[in-house]
$ cat start.cif   # mmCIF, C-alpha atoms
data_data
loop_
_atom_site.label_atom_id
_atom_site.label_comp_id
_atom_site.auth_asym_id
_atom_site.auth_seq_id
_atom_site.Cartn_x
_atom_site.Cartn_y
_atom_site.Cartn_z
CA MET A 1 9.75 17.89 5.23
CA LYS A 2 9.86 15.76 2.08
CA ILE A 3 6.82 16.37 -0.13
CA GLY A 4 5.10 14.01 -2.52
CA PHE A 5 2.35 15.28 -4.79
CA ILE A 6 -0.35 12.71 -5.60
CA PHE A 7 -2.86 13.21 -8.40
CA PRO A 8 -6.36 11.71 -8.66
CA GLY A 9 -7.70 9.76 -11.58
CA GLN A 10 -11.07 9.03 -13.09
CA GLY A 11 -13.78 8.60 -10.48
CA ALA A 12 -12.79 11.69 -8.46
CA GLN A 13 -14.82 14.05 -10.66
CA SER A 14 -17.92 16.01 -9.73
CA VAL A 15 -19.84 18.74 -11.52
CA GLY A 16 -18.61 22.14 -10.33
CA MET A 17 -15.26 20.90 -9.01
CA GLY A 18 -12.78 23.75 -8.76
CA ARG A 19 -15.29 26.51 -9.53
CA ASP A 20 -14.30 28.66 -6.52
CA LEU A 21 -10.62 28.30 -7.45
CA TYR A 22 -11.39 29.41 -10.99
CA GLU A 23 -13.33 32.43 -9.76
CA LYS A 24 -10.64 33.59 -7.32
CA TYR A 25 -7.30 32.99 -9.07
CA GLU A 26 -6.35 34.65 -12.34
CA GLU A 27 -3.56 32.12 -12.90
CA ILE A 28 -6.07 29.28 -12.64
CA ARG A 29 -8.36 30.92 -15.18
CA GLU A 30 -5.35 31.27 -17.48
CA VAL A 31 -4.64 27.53 -17.25
CA TYR A 32 -8.24 26.70 -18.15
CA THR A 33 -8.22 29.17 -21.05
CA LYS A 34 -4.97 27.86 -22.47
CA ALA A 35 -6.00 24.22 -22.02
CA SER A 36 -9.37 24.90 -23.69
CA GLU A 37 -7.69 26.48 -26.71
CA ILE A 38 -5.44 23.43 -27.14
CA ALA A 39 -8.21 20.88 -26.55
CA GLY A 40 -10.77 22.68 -28.67
CA ILE A 41 -13.45 22.53 -25.97
CA ASP A 42 -14.49 24.90 -23.18
CA ILE A 43 -13.14 22.93 -20.21
CA ALA A 44 -14.44 25.41 -17.62
CA LYS A 45 -17.99 25.18 -19.00
CA LEU A 46 -17.71 21.39 -19.24
CA THR A 47 -16.52 21.13 -15.62
CA PHE A 48 -18.77 23.69 -13.97
CA ASP A 49 -22.00 23.73 -15.96
CA SER A 50 -22.50 20.41 -17.76
CA GLU A 51 -24.86 17.64 -16.74
CA GLU A 52 -23.30 14.82 -14.73
CA THR A 53 -23.86 12.39 -17.60
CA GLU A 54 -21.75 14.58 -19.87
CA LEU A 55 -18.87 15.22 -17.45
CA PHE A 56 -18.75 11.54 -16.51
CA GLN A 57 -18.03 10.45 -20.06
CA THR A 58 -14.43 9.23 -20.13
CA LYS A 59 -13.47 11.59 -22.96
CA ASN A 60 -14.58 14.54 -20.80
CA THR A 61 -13.68 13.33 -17.31
CA GLN A 62 -9.99 12.87 -18.00
CA ILE A 63 -9.32 16.29 -19.50
CA ALA A 64 -11.37 17.99 -16.77
CA ILE A 65 -9.50 16.34 -13.90
CA LEU A 66 -6.11 16.94 -15.53
CA THR A 67 -6.84 20.63 -16.05
CA MET A 68 -7.93 21.17 -12.46
CA SER A 69 -4.78 19.48 -11.13
CA MET A 70 -2.54 21.50 -13.46
CA ALA A 71 -4.24 24.74 -12.45
CA ILE A 72 -3.69 24.10 -8.74
CA LEU A 73 -0.06 23.19 -9.48
CA GLU A 74 0.42 26.59 -11.09
CA VAL A 75 -0.58 28.36 -7.88
CA LEU A 76 1.67 26.13 -5.78
CA LYS A 77 4.57 26.76 -8.13
CA GLN A 78 4.11 30.52 -7.86
CA HIS A 79 4.39 30.17 -4.09
CA GLY A 80 7.61 28.18 -4.38
CA ILE A 81 6.05 24.90 -3.31
CA HIS A 82 7.48 21.88 -5.10
CA ALA A 83 7.63 18.12 -4.56
CA GLU A 84 10.50 15.65 -4.64
CA TYR A 85 8.16 12.83 -5.68
CA ALA A 86 4.99 12.73 -7.77
CA ALA A 87 2.51 9.92 -8.30
CA GLY A 88 -0.92 9.65 -9.83
CA LEU A 89 -3.69 7.07 -9.93
CA SER A 90 -4.10 5.94 -13.53
CA LEU A 91 -4.93 9.18 -15.40
CA GLY A 92 -3.14 11.00 -12.56
CA GLU A 93 0.20 9.70 -13.83
CA TYR A 94 -0.03 12.25 -16.65
CA SER A 95 -0.47 15.05 -14.11
CA ALA A 96 2.55 13.65 -12.26
CA LEU A 97 4.65 13.59 -15.44
CA TYR A 98 3.63 17.18 -16.19
CA CYS A 99 4.51 18.15 -12.62
CA GLY A 100 7.93 16.56 -13.09
CA GLY A 101 8.62 18.39 -16.33
CA ALA A 102 8.53 15.23 -18.45
CA ILE A 103 5.68 16.48 -20.67
CA ASP A 104 5.00 20.11 -21.56
CA PHE A 105 1.63 21.83 -21.21
CA GLU A 106 0.46 21.50 -24.80
CA ASP A 107 1.48 17.87 -25.20
CA VAL A 108 -0.10 16.71 -21.95
CA ILE A 109 -3.42 18.34 -22.89
CA LYS A 110 -3.33 16.77 -26.34
CA ILE A 111 -2.42 13.27 -25.19
CA VAL A 112 -4.89 13.15 -22.29
CA LYS A 113 -7.71 14.39 -24.51
CA LYS A 114 -6.83 11.67 -27.01
CA ARG A 115 -6.44 9.05 -24.25
CA GLY A 116 -9.92 9.76 -22.95
CA GLU A 117 -11.41 9.55 -26.43
CA LEU A 118 -9.65 6.28 -27.20
CA MET A 119 -10.58 4.65 -23.90
CA GLN A 120 -14.20 5.60 -24.48
CA ASN A 121 -14.52 4.96 -28.21
CA LEU A 122 -12.41 1.78 -28.40
CA SER A 123 -13.95 0.15 -25.37
CA PRO A 124 -15.72 -3.02 -26.58
CA GLU A 125 -19.50 -3.08 -26.61
CA GLY A 126 -21.21 -4.27 -23.48
CA GLU A 127 -22.02 -3.21 -19.93
CA TRP A 128 -18.80 -2.57 -18.03
CA SER A 129 -18.21 -1.89 -14.38
CA MET A 130 -15.58 -1.42 -11.68
CA ALA A 131 -15.89 -1.97 -7.94
CA ALA A 132 -13.71 -1.34 -4.91
CA ILE A 133 -13.31 -4.35 -2.62
CA LEU A 134 -12.51 -3.43 0.97
CA GLY A 135 -11.09 -5.61 3.70
CA LEU A 136 -9.51 -8.50 1.82
CA GLU A 137 -5.92 -9.42 1.08
CA ASP A 138 -4.79 -8.83 -2.52
CA SER A 139 -4.28 -12.56 -3.03
CA VAL A 140 -7.84 -13.35 -1.95
CA VAL A 141 -9.27 -10.84 -4.42
CA GLU A 142 -7.10 -12.32 -7.17
CA ASP A 143 -8.21 -15.87 -6.35
CA VAL A 144 -11.89 -14.94 -6.24
CA CYS A 145 -11.70 -13.26 -9.65
CA LYS A 146 -10.20 -16.45 -11.08
CA THR A 147 -13.21 -18.44 -9.88
CA VAL A 148 -15.70 -16.28 -11.80
CA THR A 149 -16.59 -18.25 -14.93
CA GLU A 150 -19.69 -16.31 -15.95
CA GLY A 151 -18.62 -12.93 -17.28
CA PHE A 152 -15.20 -11.28 -17.09
CA VAL A 153 -13.51 -9.72 -14.06
CA VAL A 154 -9.92 -9.10 -12.96
CA PRO A 155 -8.08 -6.99 -10.34
CA ALA A 156 -7.42 -3.54 -11.85
CA ASN A 157 -6.27 -1.13 -9.13
CA TYR A 158 -4.17 -2.08 -6.09
CA ASN A 159 -5.05 1.06 -4.16
CA CYS A 160 -3.79 0.42 -0.64
CA PRO A 161 -3.58 -2.42 1.87
CA GLY A 162 -7.06 -3.94 2.10
CA GLN A 163 -8.47 -2.24 -0.99
CA VAL A 164 -8.38 -3.54 -4.55
CA ALA A 165 -10.60 -2.35 -7.41
CA ILE A 166 -11.85 -5.00 -9.78
CA SER A 167 -12.82 -4.36 -13.41
CA GLY A 168 -14.85 -6.24 -15.98
CA ASP A 169 -18.32 -6.69 -17.38
CA LYS A 170 -21.37 -6.02 -15.23
CA ILE A 171 -22.16 -9.70 -14.68
CA GLY A 172 -18.60 -10.68 -13.78
CA VAL A 173 -18.17 -7.79 -11.35
CA GLN A 174 -21.51 -8.45 -9.65
CA ILE A 175 -20.73 -12.15 -9.21
CA ALA A 176 -17.27 -11.32 -7.89
CA MET A 177 -18.73 -8.83 -5.40
CA GLU A 178 -21.04 -11.54 -4.03
CA LYS A 179 -18.17 -14.01 -3.77
CA MET A 180 -16.05 -11.37 -1.99
CA LYS A 181 -18.78 -11.08 0.67
CA GLU A 182 -18.57 -14.83 1.23
CA LYS A 183 -14.82 -14.41 1.79
CA GLY A 184 -15.46 -11.76 4.44
CA CYS A 185 -14.93 -8.45 2.64
CA LYS A 186 -16.04 -5.49 4.75
CA ARG A 187 -17.65 -3.62 1.89
CA SER A 188 -17.78 -3.44 -1.90
CA VAL A 189 -18.59 -0.25 -3.81
CA GLU A 190 -19.30 0.23 -7.50
CA LEU A 191 -17.19 3.06 -8.94
CA LYS A 192 -18.04 6.02 -11.19
CA THR A 193 -16.32 4.66 -14.27
CA ALA A 194 -17.55 3.49 -17.64
CA GLY A 195 -15.23 0.90 -19.12
CA PRO A 196 -13.13 -2.23 -18.49
CA PHE A 197 -10.17 -0.07 -17.50
CA HIS A 198 -6.76 -1.65 -16.90
CA THR A 199 -7.76 -4.94 -18.49
CA VAL A 200 -6.95 -6.71 -21.76
CA LYS A 201 -10.36 -5.60 -23.05
CA LEU A 202 -8.79 -2.23 -23.88
CA GLN A 203 -6.01 -3.67 -26.05
CA LYS A 204 -7.18 -1.70 -29.11
CA ALA A 205 -7.14 1.52 -27.09
CA SER A 206 -3.64 0.68 -25.84
CA GLU A 207 -2.35 0.16 -29.37
CA ALA A 208 -3.96 3.36 -30.63
CA LEU A 209 -2.59 5.32 -27.68
CA LYS A 210 0.90 4.02 -28.39
CA GLU A 211 0.63 5.50 -31.88
CA GLU A 212 -0.54 8.85 -30.49
CA LEU A 213 2.31 8.90 -27.98
CA THR A 214 4.82 8.91 -30.86
CA LYS A 215 3.56 12.41 -31.72
CA ILE A 216 4.62 14.05 -28.45
CA GLU A 217 7.87 14.65 -26.59
CA ILE A 218 8.52 12.95 -23.26
CA GLN A 219 11.77 13.31 -21.35
CA MET A 220 13.12 12.18 -18.00
CA PRO A 221 11.31 14.05 -15.22
CA THR A 222 13.21 16.39 -12.93
CA VAL A 223 11.50 14.86 -9.87
CA LYS A 224 10.92 11.20 -9.12
CA VAL A 225 7.69 10.25 -10.87
CA MET A 226 6.16 6.93 -9.91
CA LYS A 227 4.95 4.43 -12.50
CA ASN A 228 1.56 2.83 -12.01
CA ILE A 229 2.69 -0.25 -13.84
CA ASP A 230 5.22 -1.38 -11.20
CA GLY A 231 5.13 1.15 -8.35
CA LYS A 232 8.69 2.38 -8.98
CA PRO A 233 10.03 5.71 -10.26
CA TYR A 234 10.84 6.25 -13.92
CA SER A 235 14.49 5.63 -14.78
CA LYS A 236 16.64 6.45 -17.81
CA GLU A 237 16.28 2.85 -18.97
CA ASP A 238 12.49 3.08 -19.20
CA ASP A 239 10.60 3.54 -22.45
CA CYS A 240 8.04 6.00 -21.08
CA LYS A 241 5.73 5.85 -24.10
CA GLU A 242 5.68 2.06 -24.10
CA ILE A 243 4.89 2.08 -20.38
CA LEU A 244 2.04 4.59 -20.76
CA ALA A 245 0.51 2.53 -23.56
CA LYS A 246 0.75 -0.71 -21.53
CA HIS A 247 -0.66 1.13 -18.52
CA VAL A 248 -4.13 1.04 -20.11
CA VAL A 249 -4.28 -2.78 -20.05
CA ASN A 250 -2.32 -3.48 -16.85
CA PRO A 251 -3.27 -3.11 -13.18
CA VAL A 252 -2.45 0.09 -11.30
CA ARG A 253 0.09 -0.51 -8.51
CA PHE A 254 -0.65 2.66 -6.56
CA SER A 255 -0.20 0.98 -3.20
CA ASP A 256 3.37 0.00 -4.14
CA SER A 257 4.08 3.58 -5.27
CA ILE A 258 3.00 4.98 -1.90
CA LYS A 259 5.07 2.41 0.01
CA TYR A 260 8.13 3.24 -2.11
CA MET A 261 7.75 6.96 -1.47
CA ILE A 262 7.38 6.41 2.28
CA GLU A 263 10.41 4.12 2.36
CA ASN A 264 12.40 6.87 0.65
CA GLY A 265 11.52 9.55 3.17
CA VAL A 266 8.34 11.20 1.91
CA ASP A 267 6.49 12.33 5.02
CA THR A 268 4.03 14.86 3.54
CA PHE A 269 1.54 13.80 0.86
CA VAL A 270 -0.38 16.50 -0.99
CA GLU A 271 -3.37 15.42 -3.07
CA VAL A 272 -3.71 17.91 -5.91
CA GLY A 273 -7.13 17.85 -7.58
CA PRO A 274 -10.71 16.77 -6.92
CA GLY A 275 -11.61 14.52 -4.02
CA ARG A 276 -9.63 13.16 -1.10
CA THR A 277 -9.46 9.48 -1.94
CA LEU A 278 -5.71 9.19 -2.43
CA THR A 279 -4.72 10.62 0.94
CA GLY A 280 -7.13 8.07 2.41
CA PHE A 281 -5.05 5.38 0.72
CA VAL A 282 -1.88 6.86 2.19
CA LYS A 283 -3.39 6.80 5.68
CA LYS A 284 -4.09 3.09 5.25
CA VAL A 285 -0.35 2.58 4.83
CA ASN A 286 0.78 4.91 7.63
CA ARG A 287 -1.60 7.02 9.72
CA ASP A 288 1.21 9.12 11.16
CA LEU A 289 2.07 10.84 7.88
CA THR A 290 0.98 14.39 7.05
CA CYS A 291 -1.74 14.33 4.40
CA ILE A 292 -3.10 17.45 2.70
CA ASN A 293 -5.93 17.73 0.18
CA ILE A 294 -6.18 20.67 -2.24
CA ASN A 295 -9.50 20.87 -4.04
CA ASP A 296 -10.95 24.30 -3.23
CA VAL A 297 -9.93 27.81 -2.16
CA ILE A 298 -9.92 27.10 1.57
CA SER A 299 -7.81 23.95 1.29
CA LEU A 300 -5.41 25.63 -1.15
CA GLU A 301 -4.82 28.60 1.14
CA LYS A 302 -4.31 26.33 4.16
CA ALA A 303 -1.86 24.21 2.18
CA ILE A 304 0.17 27.22 1.06
CA GLU A 305 0.40 28.42 4.64
CA SER A 306 1.55 25.06 6.01
CA LEU A 307 3.85 24.04 3.14
CA LYS A 308 5.76 27.33 2.99
CA LYS A 309 6.90 27.00 6.60
#
$ encode --input "start.cif" --output "structure tokens"
Amino acid sequence: MKIGFIFPGQGAQSVGMGRDLYEKYEEIREVYTKASEIAGIDIAKLTFDSEETELFQTKNTQIAILTMSMAILEVLKQHGIHAEYAAGLSLGEYSALYCGGAIDFEDVIKIVKKRGELMQNLSPEGEWSMAAILGLEDSVVEDVCKTVTEGFVVPANYNCPGQVAISGDKIGVQIAMEKMKEKGCKRSVELKTAGPFHTVKLQKASEALKEELTKIEIQMPTVKVMKNIDGKPYSKEDDCKEILAKHVVNPVRFSDSIKYMIENGVDTFVEVGPGRTLTGFVKKVNRDLTCININDVISLEKAIESLKK
């Protein structure tokens, strides 16, 4: 068995996510307490008891998802369960880097809190949207976006074969969704996000994040951590901070990351955090792989039992 941990990004959140884990495991409560002290906000209260409109703000969503993923990782680690590869969707790359020992606990909390704030506060004014386009080739989605002259829209997340998320202003995304239907897309779904993520519209946020990244330590991970920016693992030649800053304005190549991991022998994918979207992406690449989701007490206990064998 070769294990790859995969970590969700923004859009996987829901009010109350992880509450049963928090109530059952002391080590999970400790992660939330420590993270809250560093972040200066009560992350448990934010996650479990806030209104949806509050949790879904980018500055809150990112720190909440990160903390849940880190807390679950702590339990897995205590049971001797580790991965040879780690990948995350957008925000999830920070969870992956933490998993791989590239960023320590305090620094990852600080930088993700700041990242969420910057992506929210430095997003240009306007109505922004993202949508998942299902059932079209990547090239078709790219070509359709180029034909949209009213508004702004570009491919943002290459999730898996037959699924690309587009990002832009409300008008551009809506027009693109209609054009995708004409090209035969099976379905298009607006996503729970609030900005023109992974587009040039966040250039100011990218530049500000680059400055913040100079304040933390990042080293080569001890496991192979996949980069969203090109779908390959970090190497000694990479400037990790430069890559993470550029990541904000470049498309996510998650599909390429999954293919690379499979080609290099990963046969068991474990989604660590809220939702089950990422293992769905993996299944689109290869349905015969073992996929495990960990997002509550029952799924965590089942995962520990199967992964320790």
$ resolve_selection --input "start.cif" --expression "the PyMOL selection byres ((chain A and resi 244) around 10)" --output "PyMOL selection string"
chain A and resi 90-91+93-94+206+209-210+213+227-229+239-243+245-250
$ closest_residue --input "start.cif" --among "A:Ile28, A:Ala39, A:Val112, A:Ala176" --to "Leu76 of chain A" --atoms "all atoms listed in the file"
A:Ile28
$ atom_distance --input "start.cif" --atom1 "atom CA of Asp107 of chain A" --atom2 "atom CA of Glu217 of chain A"
7.3 Å
$ atom_distance --input "start.cif" --atom1 "atom CA of Lys59 of chain A" --atom2 "atom CA of Leu134 of chain A"
28.3 Å
$ atom_distance --input "start.cif" --atom1 "atom CA of Val266 of chain A" --atom2 "atom CA of Lys236 of chain A"
21.9 Å
